[in-house]
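For reference, the structure is listed below as C-alpha cells.
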Amino acid sequence: PLDISWFTESMRAGRPVEILDRHKVQEQQIDEAEVVAFSVPSYACLRRTTLDNHNPVLTDALSLLAENAELSDEDGRGVAFRRAAAVLKALPEPVTGVTQLRGLPCLGGHSLRVIRDILENGASSEVEFTKQSERFKALKVLTDIFGVGAKTAERWIRDGIHSLHQLQESGQTLNRAQQAGLEHYDDLKQPVTKAEADAIGEIVEEAVVSVLPGAQITLIGGFRRGKLTGHDVDFLITHPEEGREVGLMPKVVSWLESQGFLLYQKTTRNSYLEAKDGPARPASNMDRFERCFSIFKLVTDEGPKPASGHRRWRAVRVDLVVSPISQFAFALLGWTGSKLFERELRRWAGHEKAMSLSSHALYDNKQGRYLKATSEEEIFTYLGLEYIPPSERNA
Ligand code: DCT
Ligand code: MG
C-alpha cells in the first residue's frame, strides 16, 4: 500500500505537494513507491529547508560538481548545480526514481543525468571522474589554504604546483594571509564545533564589552542556522545607539591581540560597497561597515601540561562584522546564509519585487527609497515573503 503519511504531514506544514497521474504512472510500469511526485517552489527563499536532508548522496554529488564549476571559473554552472542540490534538500523524503522529479524546478538536463546515474547505477561517472581528476584534487588542496582563491590556485597549477609540498618548494611569494593559511592548514581544515564556536563567542563578547560597554554580539553564519559544525565562526557586532559602533573594530582587534588570541587578522572597511551585488545606489551611511578576517588561537585543553611536542590550542577561522544598529537587521539577514538562500532572496527582491537587497539595506526601485527595518521579519514582509526562521534557511 502507498504510504502517504509524509503527504499529509506536508499539507499540515504548508508544503505544496503534487500527485502524479496514476494512469500515466501505470503505463510506465513504475512501482508503487514512485507514484508520489514532489513539488516545490523554484525560489529557495519560498522554501523551508532544514538540516534534515533526506537525499545526502544526491546533494553531495551535485555540490561536488558545483564546487568544481566554481573552482573552474564557471559560476553559472556552479549556481545551476547549487540550485539543483537545494531543491533536493527541500524534499520531504528520499528520491527513489527520476519520475518523482517530474515538474520540479531547477533540475536541468545535466543535473537530472547525474541523479539518474546515481539512482540507477549507485554512482555518477562524472562525479567519480571529477573526484579522481588531478586538476580537481589540486584545486581543492590549494584553495583549502586560507587566502588562496580559484584564480591563484589556477596560476600555480599552470606552474606545475599540485600539492602543499610543491608549493613550499616552489619559492612562490605568498602574502601574509596565505602564509598564515599554510602554517595553520591542518587546523583550519578541521571542522569547528558548536562548543568551540561558543567558547570563541565568550572571548569575543568579553573583548567587545570591555572596549564598548553595551555593545552586542550575535553568532551568525551556519551556526545561527543550527549547524553543528562549520568552516569558520561568524559574529555580527553592533551597539543599540547609532554611531557608537564607529571605530569599534580596531579596538576589539587590539584587545584580542593584546591577550594573544589572534594568530592573524586583516580588517577591511566597506567590503560590501565593492561587491557587484550591492544595492544599485549605496547610501553614504554605509561606509562604516567593517569586517575582520582572522585566525583565532583557541585553547582546547585546560588540563595538565601536555607532553612536549603537543600543544593545547587550535587555530580557528573567525570573521567579525560590525554594523550600525540602523543596518543590523539587514546585516543579520545577509550574514546568516546559506549562501544560496541569500542569493535567492536577492534574486526574488530584484526580479519579483523591483527591490535591491544587500547586507546593508533594502532599496525600493519603484518608490525610489530605502525601506527601514529593525527586524528580519519586517524585511520578509517588505519582500512579500512568509518569514523563514534561520533553521529553515539551509538551502
Ligand atoms: N555569504 C553570502 N555570500 C557569500 C559569502 C557569504 O551571502 N558569497 C553570507 C552567507 C553566510 C555567511 O555570509 C557566512 O559565510 P560562510 O561562513 O562562508 O558560510 P556558512 O554558512 O557560515 O558556512 P560554514 O558553516 O562552512 O562556515
Ligand atoms: Mg561560517
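Scheme for the C-alpha cells: letters A, B, ... for chains in order shown; per-chain residue numbers from 1; ligand numbers from 1 in order shown.
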
Checklist line | Expected answer as a PyMOL selection string: residues within 7 Å of ligand 2, only C-alpha atoms and all ligand atoms | finding: chain A and resi 221-222+230-234

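Residues of segment 3-252 of chain A assigned to strand (DSSP E) by DSSP on this structure's backbone: Val17, Glu18, Ile19, Val36, Ala37, Phe38, Val192, Thr193, Gln216, Ile217, Thr218, Leu219, Ile220, Thr229, Gly230, Val233, Asp234, Phe235, Leu236, Ile237 and Thr238 of chain A.
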
Go ahead and write the selection's residues with C-alpha atoms as a PDB file, in the first residue's frame.
```
ATOM      1  CA  VAL A  17       2.659  18.695  -2.936  1.00  0.00           C
ATOM      2  CA  GLU A  18       1.537  17.092  -6.149  1.00  0.00           C
ATOM      3  CA  ILE A  19       0.391  13.600  -7.088  1.00  0.00           C
ATOM      4  CA  VAL A  36       4.231  10.120  -5.328  1.00  0.00           C
ATOM      5  CA  ALA A  37       5.943  13.047  -7.008  1.00  0.00           C
ATOM      6  CA  PHE A  38       7.194  16.176  -5.288  1.00  0.00           C
ATOM      7  CA  VAL A 192      34.809  23.899  14.008  1.00  0.00           C
ATOM      8  CA  THR A 193      32.305  22.543  16.544  1.00  0.00           C
ATOM      9  CA  GLN A 216      26.174  43.354  21.456  1.00  0.00           C
ATOM     10  CA  ILE A 217      27.439  40.331  19.570  1.00  0.00           C
ATOM     11  CA  THR A 218      25.402  37.763  17.650  1.00  0.00           C
ATOM     12  CA  LEU A 219      26.537  34.413  16.284  1.00  0.00           C
ATOM     13  CA  ILE A 220      25.736  34.398  12.554  1.00  0.00           C
ATOM     14  CA  THR A 229      29.996  22.299  12.648  1.00  0.00           C
ATOM     15  CA  GLY A 230      31.336  24.958  10.309  1.00  0.00           C
ATOM     16  CA  VAL A 233      32.765  31.183  13.126  1.00  0.00           C
ATOM     17  CA  ASP A 234      30.981  34.389  12.128  1.00  0.00           C
ATOM     18  CA  PHE A 235      29.934  37.171  14.508  1.00  0.00           C
ATOM     19  CA  LEU A 236      27.979  40.371  13.992  1.00  0.00           C
ATOM     20  CA  ILE A 237      28.677  43.236  16.392  1.00  0.00           C
ATOM     21  CA  THR A 238      26.532  46.319  16.939  1.00  0.00           C
TER      22      THR A 238
END
```

Within 12 Å of segment 80-91 of chain A: each segment 325-391 of chain A residue with its shortest pair, only C-alpha atoms, as JSON lines:
```
{"residue": "A:Ser338", "atom": "CA", "partner": "A:Ala86", "partner_atom": "CA", "distance": 10.4}
{"residue": "A:Lys339", "atom": "CA", "partner": "A:Arg82", "partner_atom": "CA", "distance": 9.7}
{"residue": "A:Leu340", "atom": "CA", "partner": "A:Arg82", "partner_atom": "CA", "distance": 7.2}
{"residue": "A:Phe341", "atom": "CA", "partner": "A:Ala86", "partner_atom": "CA", "distance": 9.1}
{"residue": "A:Arg343", "atom": "CA", "partner": "A:Arg83", "partner_atom": "CA", "distance": 10.2}
{"residue": "A:Glu344", "atom": "CA", "partner": "A:Arg83", "partner_atom": "CA", "distance": 9.3}
```

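Separating atom CA of Leu182 of chain A from atom CA of Lys305 of chain A is a distance of 26.6 Å.
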
Checklist line | Selected residue of minimal separation from ligand 1 among A:Pro191, A:Pro250, A:Pro389, A:Gly350, counting only C-alpha atoms and all ligand atoms | finding: A:Pro191

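If you look at atom CA of Asp144 of chain A and atom CA of Gln190 of chain A, they are 11.0 Å away from each other.
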
Note to self: Report as a PyMOL selection string all protein, DNA and RNA residues lying within 12 Å of Leu263 of chain A, evaluated on only C-alpha atoms, omitting residues in the same chain fewer than 6 positions from it.
What the structure shows: chain A and resi 176-177+179-181+183-184+253+256-257+293-298+313-318

Would you export the selected residues with C-alpha atoms as a short mmCIF file (atom, residue, chain, number, x, y, z; two decimals), in the first residue's frame, please?
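Listed below is the output, again37.cif:
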```cif
data_model
loop_
_atom_site.label_atom_id
_atom_site.label_comp_id
_atom_site.auth_asym_id
_atom_site.auth_seq_id
_atom_site.Cartn_x
_atom_site.Cartn_y
_atom_site.Cartn_z
CA ARG A 176 50.53 37.36 4.77
CA ALA A 177 47.14 35.63 4.68
CA GLN A 179 51.48 32.31 4.87
CA ALA A 180 49.17 32.07 7.88
CA GLY A 181 46.87 29.76 5.91
CA GLU A 183 51.05 27.49 8.63
CA HIS A 184 47.66 26.53 10.12
CA VAL A 253 41.10 43.62 17.42
CA LEU A 256 42.15 40.36 21.25
CA GLU A 257 45.71 40.86 20.01
CA PHE A 293 39.04 38.13 8.79
CA SER A 294 41.04 36.43 11.49
CA ILE A 295 42.67 33.23 12.65
CA PHE A 296 41.91 32.71 16.31
CA LYS A 297 44.07 30.84 18.79
CA LEU A 298 41.64 28.78 20.82
CA TRP A 313 45.33 25.06 21.29
CA ARG A 314 43.98 25.04 17.79
CA ALA A 315 43.64 27.63 15.05
CA VAL A 316 40.08 28.60 14.05
CA ARG A 317 38.89 30.95 11.30
CA VAL A 318 36.78 33.73 12.80
#
```

Checklist line | Selected residue of minimal separation from Gly103 of chain A among A:Ser326, A:Ser254, A:Ser375, A:Ser39, counting only C-alpha atoms | finding: A:Ser39

Going by DSSP on the backbone, which residues of segment 267-372 of chain A come out as helix (DSSP H, G or I)? List them as a PDB file with C-alpha atoms, in the first residue's frame.
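Generated file (states12.pdb):
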```pdb
ATOM      1  CA  SER A 271      33.673  45.315   1.699  1.00  0.00           C
ATOM      2  CA  TYR A 272      30.045  45.195   0.538  1.00  0.00           C
ATOM      3  CA  LEU A 273      30.280  48.524  -1.270  1.00  0.00           C
ATOM      4  CA  GLU A 274      32.735  46.953  -3.658  1.00  0.00           C
ATOM      5  CA  SER A 284      26.507  57.319   2.344  1.00  0.00           C
ATOM      6  CA  ASN A 285      25.988  55.822   5.809  1.00  0.00           C
ATOM      7  CA  MET A 286      27.332  52.509   4.522  1.00  0.00           C
ATOM      8  CA  ASP A 287      30.953  53.421   4.684  1.00  0.00           C
ATOM      9  CA  ARG A 288      31.019  52.441   8.343  1.00  0.00           C
ATOM     10  CA  ILE A 325      22.136  49.451  14.526  1.00  0.00           C
ATOM     11  CA  SER A 326      20.191  51.018  11.615  1.00  0.00           C
ATOM     12  CA  GLN A 327      21.556  48.307   9.317  1.00  0.00           C
ATOM     13  CA  PHE A 328      21.591  45.496  11.870  1.00  0.00           C
ATOM     14  CA  ALA A 329      18.521  43.611  10.595  1.00  0.00           C
ATOM     15  CA  PHE A 330      19.892  43.644   7.034  1.00  0.00           C
ATOM     16  CA  ALA A 331      23.334  42.546   8.206  1.00  0.00           C
ATOM     17  CA  LEU A 332      21.792  39.768  10.321  1.00  0.00           C
ATOM     18  CA  LEU A 333      19.688  38.523   7.420  1.00  0.00           C
ATOM     19  CA  GLY A 334      22.579  38.861   4.950  1.00  0.00           C
ATOM     20  CA  TRP A 335      25.150  37.068   7.091  1.00  0.00           C
ATOM     21  CA  THR A 336      23.011  34.203   8.332  1.00  0.00           C
ATOM     22  CA  LYS A 339      24.850  31.452   0.519  1.00  0.00           C
ATOM     23  CA  LEU A 340      22.217  30.104  -1.860  1.00  0.00           C
ATOM     24  CA  PHE A 341      19.358  31.313   0.341  1.00  0.00           C
ATOM     25  CA  GLU A 342      20.915  34.820   0.265  1.00  0.00           C
ATOM     26  CA  ARG A 343      21.377  34.703  -3.485  1.00  0.00           C
ATOM     27  CA  GLU A 344      17.769  33.647  -3.936  1.00  0.00           C
ATOM     28  CA  LEU A 345      16.472  36.379  -1.612  1.00  0.00           C
ATOM     29  CA  ARG A 346      18.295  38.967  -3.699  1.00  0.00           C
ATOM     30  CA  ARG A 347      17.027  37.390  -6.923  1.00  0.00           C
ATOM     31  CA  TRP A 348      13.473  37.404  -5.577  1.00  0.00           C
ATOM     32  CA  ALA A 349      13.812  41.033  -4.481  1.00  0.00           C
ATOM     33  CA  GLY A 350      15.195  42.128  -7.846  1.00  0.00           C
ATOM     34  CA  HIS A 351      13.097  40.067 -10.246  1.00  0.00           C
ATOM     35  CA  GLU A 352       9.782  39.832  -8.438  1.00  0.00           C
ATOM     36  CA  LYS A 353       9.664  43.000  -6.331  1.00  0.00           C
TER      37      LYS A 353
END
```

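Interatomic distance, atom CA of Ser42 of chain A to atom CA of Gly122 of chain A: 27.2 Å.
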
Item checked: Near-Ile161 of chain A list (9 Å; only C-alpha atoms; drop same-chain fewer than 6 positions) as number ranges by chain -> A: 138, 142, 153, 155, 167, 170

Writing out the chosen residues with N, CA and C atoms as a tab-separated table (two decimals), in the first residue's frame:
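Below you can see out-v8.tsv, which holds the result:
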```
chain	number	residue	atom	x	y	z
A	138	ALA	N	44.03	19.08	-7.08
A	138	ALA	CA	44.98	20.18	-6.85
A	138	ALA	C	44.25	21.47	-6.49
A	142	LEU	N	44.81	23.40	-2.89
A	142	LEU	CA	45.37	24.75	-2.88
A	142	LEU	C	44.36	25.78	-2.38
A	153	ALA	N	45.09	29.58	-7.39
A	153	ALA	CA	45.32	28.14	-7.48
A	153	ALA	C	45.54	27.75	-8.94
A	155	ARG	N	46.70	29.57	-11.36
A	155	ARG	CA	48.01	30.04	-11.80
A	155	ARG	C	49.11	29.08	-11.31
A	167	LEU	N	54.21	23.52	-3.38
A	167	LEU	CA	54.08	24.96	-3.17
A	167	LEU	C	55.22	25.47	-2.30
A	170	SER	N	58.40	25.64	-4.17
A	170	SER	CA	58.39	26.41	-5.42
A	170	SER	C	59.02	27.80	-5.31
```

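Take the candidates A:Leu139, A:Leu51, A:Val95, A:Ile203 and check each one against Leu228 of chain A using only C-alpha atoms; the shortest distance goes to A:Leu51.
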
Notebook entry, point to check: What lies within 8 Å of segment 124-134 of chain A using only C-alpha atoms, ignoring chain neighbours under 2 positions off, as an MDAnalysis selection string?
Noted result: chainID A and resid 61 64:65 68 114:115 117:118 121:122 136:138 162

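If you measure from each of A:Ala69, A:Leu212, A:Val79, A:Val252 to ligand 1 using only C-alpha atoms and all ligand atoms, the closest one turns out to be A:Val79.
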
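Neighbours of Pro213 of chain A closer than or equal to 10 Å, with only C-alpha atoms counted and sequence neighbours fewer than 6 positions away skipped, come out as Glu206, Ala207 and His239 of chain A.
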
Any chance you could export the current selection's C-alpha atoms as a PDB file, in the first residue's frame?
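Saved as selection36.pdb:
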```pdb
ATOM      1  CA  GLU A 206      34.492  39.927  26.613  1.00  0.00           C
ATOM      2  CA  ALA A 207      36.570  41.907  24.117  1.00  0.00           C
ATOM      3  CA  HIS A 239      25.585  48.901  19.557  1.00  0.00           C
TER       4      HIS A 239
END
```

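Distances here use only C-alpha atoms and all ligand atoms; by that measure, the residue among A:Glu93, A:Glu241, A:Glu67, A:Asp319 closest to ligand 1 is A:Asp319.
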
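Distances to Trp255 of chain A were evaluated for A:Val208, A:Leu101, A:Ala150, A:Val299 using only C-alpha atoms, and the minimum falls at A:Val208.
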